[in-house]
Each structure stands twice: as structure tokens, then as C-alpha cells.
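Engineer: This is the structure, below, for whatever I ask next.
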Amino acid sequence: MKRKIIMIDENKCNGCSLCTDACHEGAIEMINGKAILVKDEYCDGLGDCLPACPTDAIKIIEREAADYDEETVKIRMEERKKAKQSKSDSIGCSGADAQVVQLKYLIEKKNWRIKK
Ligand code: SF4
């Protein structure tokens, strides 16, 4: 079925990745430094990503494409959210780590010496 869908001009894309955040469906990913529409089913064709692009690399065109799949997008976005959360959890430090950092700071600042 013909429908509206985005088209990204790879030659105009500067790799800024602003469109990946602007797309609410996770339809665009950065691959080898270029924005790519990963699957037709993820793009609703509304073009929320267009205003984010500083190089005018994204256009809405009409072509044969699979239907937008809202259910698949919901599942995908939930998985991406979980992956992002677990990534930020693994980067963060534990409460014990934070206490050690704070103690080291106090020792340095107050010129404290640890008694033996
Ligand atoms: S916003 Fe435009 S220039 Fe930036 S990554 Fe997306 S398509 Fe490329």
C-alpha cells in the first residue's frame, strides 16, 4: 500500500543524531554515522523528525511501504526504555561507592590523616 513515510538523504546527513530523539517511534537509528530508517513499520509518516534536522536531510515521501504497526512500536519503545535504564544503572555508582568518594574528599579537604 502506498503511504507517507520519511526518506533520509544520506549525503545531506551530518550524523548529529537529533532526529533519533525527535522520533517518538524509535524508527531512526544511527548506523555508521548516518541516520537510517530501520523499518518501515516503525515510521508513522507524521514527520516529527523533520524540524529537528539541521541539514534538511529528511523528507516525507509517498511510496509503497508496510503499514505503520503501533503495537510493535509500543513493544519496541518499552524495550528501548528498559535497555536505556539498565545502561544508566550500570554506569551509576552504588551508595557504598558514593560514600568512599565523599570520605576521600573530606580527608583531602580537611587534610585528615587516618590513624593507625
Ligand atoms: S537530524 Fe538530519 S543530519 Fe542529524 S542525524 Fe538526523 S538526518 Fe542526519
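Chains: A, B, ... in order of the C-alpha cells. Residues: from 1 per chain. Ligands: from 1, in order shown.
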Enumerate, in order of chain and increasing residue number, the residues of chain A with an atom no farther than 10 Å from ligand 1, each with its shortest atom pair and distance in Å to one decimal, counting only C-alpha atoms and all ligand atoms, as JSON lines.
Structural biologist:
{"residue": "A:Met7", "atom": "CA", "partner": "ligand 1", "partner_atom_place_in_ligand_line": "7 (S)", "distance": 9.1}
{"residue": "A:Ile8", "atom": "CA", "partner": "ligand 1", "partner_atom_place_in_ligand_line": "7 (S)", "distance": 5.9}
{"residue": "A:Asp9", "atom": "CA", "partner": "ligand 1", "partner_atom_place_in_ligand_line": "7 (S)", "distance": 7.2}
{"residue": "A:Glu10", "atom": "CA", "partner": "ligand 1", "partner_atom_place_in_ligand_line": "8 (Fe)", "distance": 7.3}
{"residue": "A:Asn11", "atom": "CA", "partner": "ligand 1", "partner_atom_place_in_ligand_line": "8 (Fe)", "distance": 9.0}
{"residue": "A:Lys12", "atom": "CA", "partner": "ligand 1", "partner_atom_place_in_ligand_line": "3 (S)", "distance": 6.5}
{"residue": "A:Cys13", "atom": "CA", "partner": "ligand 1", "partner_atom_place_in_ligand_line": "8 (Fe)", "distance": 3.5}
{"residue": "A:Asn14", "atom": "CA", "partner": "ligand 1", "partner_atom_place_in_ligand_line": "3 (S)", "distance": 4.4}
{"residue": "A:Gly15", "atom": "CA", "partner": "ligand 1", "partner_atom_place_in_ligand_line": "5 (S)", "distance": 4.0}
{"residue": "A:Cys16", "atom": "CA", "partner": "ligand 1", "partner_atom_place_in_ligand_line": "4 (Fe)", "distance": 4.0}
{"residue": "A:Ser17", "atom": "CA", "partner": "ligand 1", "partner_atom_place_in_ligand_line": "5 (S)", "distance": 3.7}
{"residue": "A:Leu18", "atom": "CA", "partner": "ligand 1", "partner_atom_place_in_ligand_line": "1 (S)", "distance": 4.4}
{"residue": "A:Cys19", "atom": "CA", "partner": "ligand 1", "partner_atom_place_in_ligand_line": "1 (S)", "distance": 4.1}
{"residue": "A:Thr20", "atom": "CA", "partner": "ligand 1", "partner_atom_place_in_ligand_line": "6 (Fe)", "distance": 6.5}
{"residue": "A:Asp21", "atom": "CA", "partner": "ligand 1", "partner_atom_place_in_ligand_line": "1 (S)", "distance": 9.0}
{"residue": "A:Ala22", "atom": "CA", "partner": "ligand 1", "partner_atom_place_in_ligand_line": "1 (S)", "distance": 8.4}
{"residue": "A:Cys23", "atom": "CA", "partner": "ligand 1", "partner_atom_place_in_ligand_line": "6 (Fe)", "distance": 9.7}
{"residue": "A:Ile28", "atom": "CA", "partner": "ligand 1", "partner_atom_place_in_ligand_line": "6 (Fe)", "distance": 8.0}
{"residue": "A:Glu29", "atom": "CA", "partner": "ligand 1", "partner_atom_place_in_ligand_line": "5 (S)", "distance": 8.5}
{"residue": "A:Met30", "atom": "CA", "partner": "ligand 1", "partner_atom_place_in_ligand_line": "5 (S)", "distance": 7.0}
{"residue": "A:Ile31", "atom": "CA", "partner": "ligand 1", "partner_atom_place_in_ligand_line": "5 (S)", "distance": 9.8}
{"residue": "A:Gly33", "atom": "CA", "partner": "ligand 1", "partner_atom_place_in_ligand_line": "5 (S)", "distance": 7.8}
{"residue": "A:Lys34", "atom": "CA", "partner": "ligand 1", "partner_atom_place_in_ligand_line": "5 (S)", "distance": 6.0}
{"residue": "A:Ala35", "atom": "CA", "partner": "ligand 1", "partner_atom_place_in_ligand_line": "5 (S)", "distance": 4.8}
{"residue": "A:Ile36", "atom": "CA", "partner": "ligand 1", "partner_atom_place_in_ligand_line": "7 (S)", "distance": 7.8}
{"residue": "A:Leu37", "atom": "CA", "partner": "ligand 1", "partner_atom_place_in_ligand_line": "7 (S)", "distance": 9.6}
{"residue": "A:Cys49", "atom": "CA", "partner": "ligand 1", "partner_atom_place_in_ligand_line": "1 (S)", "distance": 7.2}
{"residue": "A:Leu50", "atom": "CA", "partner": "ligand 1", "partner_atom_place_in_ligand_line": "1 (S)", "distance": 7.5}
{"residue": "A:Pro51", "atom": "CA", "partner": "ligand 1", "partner_atom_place_in_ligand_line": "1 (S)", "distance": 8.3}
{"residue": "A:Ala52", "atom": "CA", "partner": "ligand 1", "partner_atom_place_in_ligand_line": "1 (S)", "distance": 5.5}
{"residue": "A:Cys53", "atom": "CA", "partner": "ligand 1", "partner_atom_place_in_ligand_line": "1 (S)", "distance": 3.5}
{"residue": "A:Pro54", "atom": "CA", "partner": "ligand 1", "partner_atom_place_in_ligand_line": "2 (Fe)", "distance": 5.8}
{"residue": "A:Thr55", "atom": "CA", "partner": "ligand 1", "partner_atom_place_in_ligand_line": "3 (S)", "distance": 5.3}
{"residue": "A:Asp56", "atom": "CA", "partner": "ligand 1", "partner_atom_place_in_ligand_line": "2 (Fe)", "distance": 6.3}
{"residue": "A:Ala57", "atom": "CA", "partner": "ligand 1", "partner_atom_place_in_ligand_line": "7 (S)", "distance": 5.1}
{"residue": "A:Ile58", "atom": "CA", "partner": "ligand 1", "partner_atom_place_in_ligand_line": "7 (S)", "distance": 5.7}
{"residue": "A:Lys59", "atom": "CA", "partner": "ligand 1", "partner_atom_place_in_ligand_line": "7 (S)", "distance": 9.4}
Engineer: Kindly save the residues from that selection, with C-alpha atoms included, as a compact mmCIF listing (two decimals), in the first residue's frame.
Structural biologist:
# COMPACT_ATOMS: atom_id res chain seq x y z
CA MET A 7 13.15 9.40 3.41
CA ILE A 8 16.63 10.32 4.65
CA ASP A 9 19.20 11.70 2.23
CA GLU A 10 22.42 10.06 3.39
CA ASN A 11 24.52 12.65 1.54
CA LYS A 12 22.94 15.51 3.49
CA CYS A 13 23.06 13.73 6.87
CA ASN A 14 25.83 15.07 9.10
CA GLY A 15 25.35 12.42 11.79
CA CYS A 16 24.16 14.78 14.53
CA SER A 17 21.51 12.21 15.65
CA LEU A 18 18.96 14.88 16.60
CA CYS A 19 16.32 13.05 14.58
CA THR A 20 16.67 9.87 16.66
CA ASP A 21 15.46 11.76 19.75
CA ALA A 22 12.78 13.61 17.82
CA CYS A 23 11.27 10.38 16.50
CA ILE A 28 15.55 6.14 13.15
CA GLU A 29 18.88 4.79 14.31
CA MET A 30 22.43 5.93 13.73
CA ILE A 31 24.34 3.36 11.72
CA GLY A 33 27.41 7.75 11.50
CA LYS A 34 24.30 8.16 9.36
CA ALA A 35 20.60 8.29 10.24
CA ILE A 36 18.72 5.28 8.89
CA LEU A 37 15.02 4.41 8.89
CA CYS A 49 11.77 14.29 12.97
CA LEU A 50 11.81 16.83 10.13
CA PRO A 51 12.09 20.05 12.20
CA ALA A 52 14.94 18.51 14.23
CA CYS A 53 17.18 18.06 11.21
CA PRO A 54 19.60 20.96 10.72
CA THR A 55 20.56 19.90 7.19
CA ASP A 56 17.10 19.29 5.73
CA ALA A 57 18.08 15.68 5.07
CA ILE A 58 14.66 14.23 5.92
CA LYS A 59 11.63 14.45 3.68
Engineer: Env of Tyr68 in chain A: 12 Å cut, atoms = only C-alpha atoms, seq-sep filter 2 positions within chain, self excluded. Answer as a VMD selection string.
Structural biologist: chain A and resid 1 to 6 25 27 39 to 46 64 to 66 70 to 74
Engineer: Run DSSP on the backbone and grab whatever in range 4-40 of chain A lands in strand (DSSP E); send it over as a PDB file with N, CA and C atoms, in the first residue's frame.
Structural biologist:
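Contents of part04.pdb, freshly written:
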ATOM      1  N   LYS A   4       2.468   7.745   3.254  1.00  0.00           N
ATOM      2  CA  LYS A   4       3.517   8.711   3.565  1.00  0.00           C
ATOM      3  C   LYS A   4       4.522   8.086   4.514  1.00  0.00           C
ATOM      4  N   ILE A   5       5.790   8.364   4.252  1.00  0.00           N
ATOM      5  CA  ILE A   5       6.866   7.801   5.064  1.00  0.00           C
ATOM      6  C   ILE A   5       8.099   8.693   4.889  1.00  0.00           C
ATOM      7  N   ILE A   6       9.006   8.660   5.864  1.00  0.00           N
ATOM      8  CA  ILE A   6      10.179   9.527   5.732  1.00  0.00           C
ATOM      9  C   ILE A   6      11.203   8.932   4.776  1.00  0.00           C
ATOM     10  N   MET A   7      12.004   9.819   4.213  1.00  0.00           N
ATOM     11  CA  MET A   7      13.147   9.403   3.411  1.00  0.00           C
ATOM     12  C   MET A   7      14.341  10.247   3.868  1.00  0.00           C
ATOM     13  N   ILE A   8      15.445   9.594   4.174  1.00  0.00           N
ATOM     14  CA  ILE A   8      16.626  10.316   4.651  1.00  0.00           C
ATOM     15  C   ILE A   8      17.691  10.337   3.564  1.00  0.00           C
ATOM     16  N   ILE A  28      14.263   5.730  13.733  1.00  0.00           N
ATOM     17  CA  ILE A  28      15.548   6.140  13.152  1.00  0.00           C
ATOM     18  C   ILE A  28      16.677   5.737  14.093  1.00  0.00           C
ATOM     19  N   GLU A  29      17.686   5.137  13.528  1.00  0.00           N
ATOM     20  CA  GLU A  29      18.880   4.789  14.307  1.00  0.00           C
ATOM     21  C   GLU A  29      20.110   5.291  13.572  1.00  0.00           C
ATOM     22  N   MET A  30      21.168   5.516  14.332  1.00  0.00           N
ATOM     23  CA  MET A  30      22.429   5.932  13.728  1.00  0.00           C
ATOM     24  C   MET A  30      23.230   4.673  13.408  1.00  0.00           C
ATOM     25  N   ILE A  31      23.547   4.509  12.159  1.00  0.00           N
ATOM     26  CA  ILE A  31      24.342   3.362  11.723  1.00  0.00           C
ATOM     27  C   ILE A  31      25.508   3.889  10.893  1.00  0.00           C
ATOM     28  N   LYS A  34      25.385   7.611  10.175  1.00  0.00           N
ATOM     29  CA  LYS A  34      24.297   8.161   9.359  1.00  0.00           C
ATOM     30  C   LYS A  34      22.948   7.723   9.922  1.00  0.00           C
ATOM     31  N   ALA A  35      21.958   8.609   9.796  1.00  0.00           N
ATOM     32  CA  ALA A  35      20.602   8.287  10.243  1.00  0.00           C
ATOM     33  C   ALA A  35      19.950   7.353   9.230  1.00  0.00           C
ATOM     34  N   ILE A  36      19.351   6.290   9.754  1.00  0.00           N
ATOM     35  CA  ILE A  36      18.725   5.284   8.894  1.00  0.00           C
ATOM     36  C   ILE A  36      17.317   4.978   9.422  1.00  0.00           C
ATOM     37  N   LEU A  37      16.347   4.906   8.529  1.00  0.00           N
ATOM     38  CA  LEU A  37      15.023   4.413   8.894  1.00  0.00           C
ATOM     39  C   LEU A  37      15.151   2.898   8.988  1.00  0.00           C
TER      40      LEU A  37
END
Engineer: Which value, in Å to one decimal, gives the distance between CA of His24 in chain A and CA of Arg76 in chain A?
Structural biologist: 11.0 Å
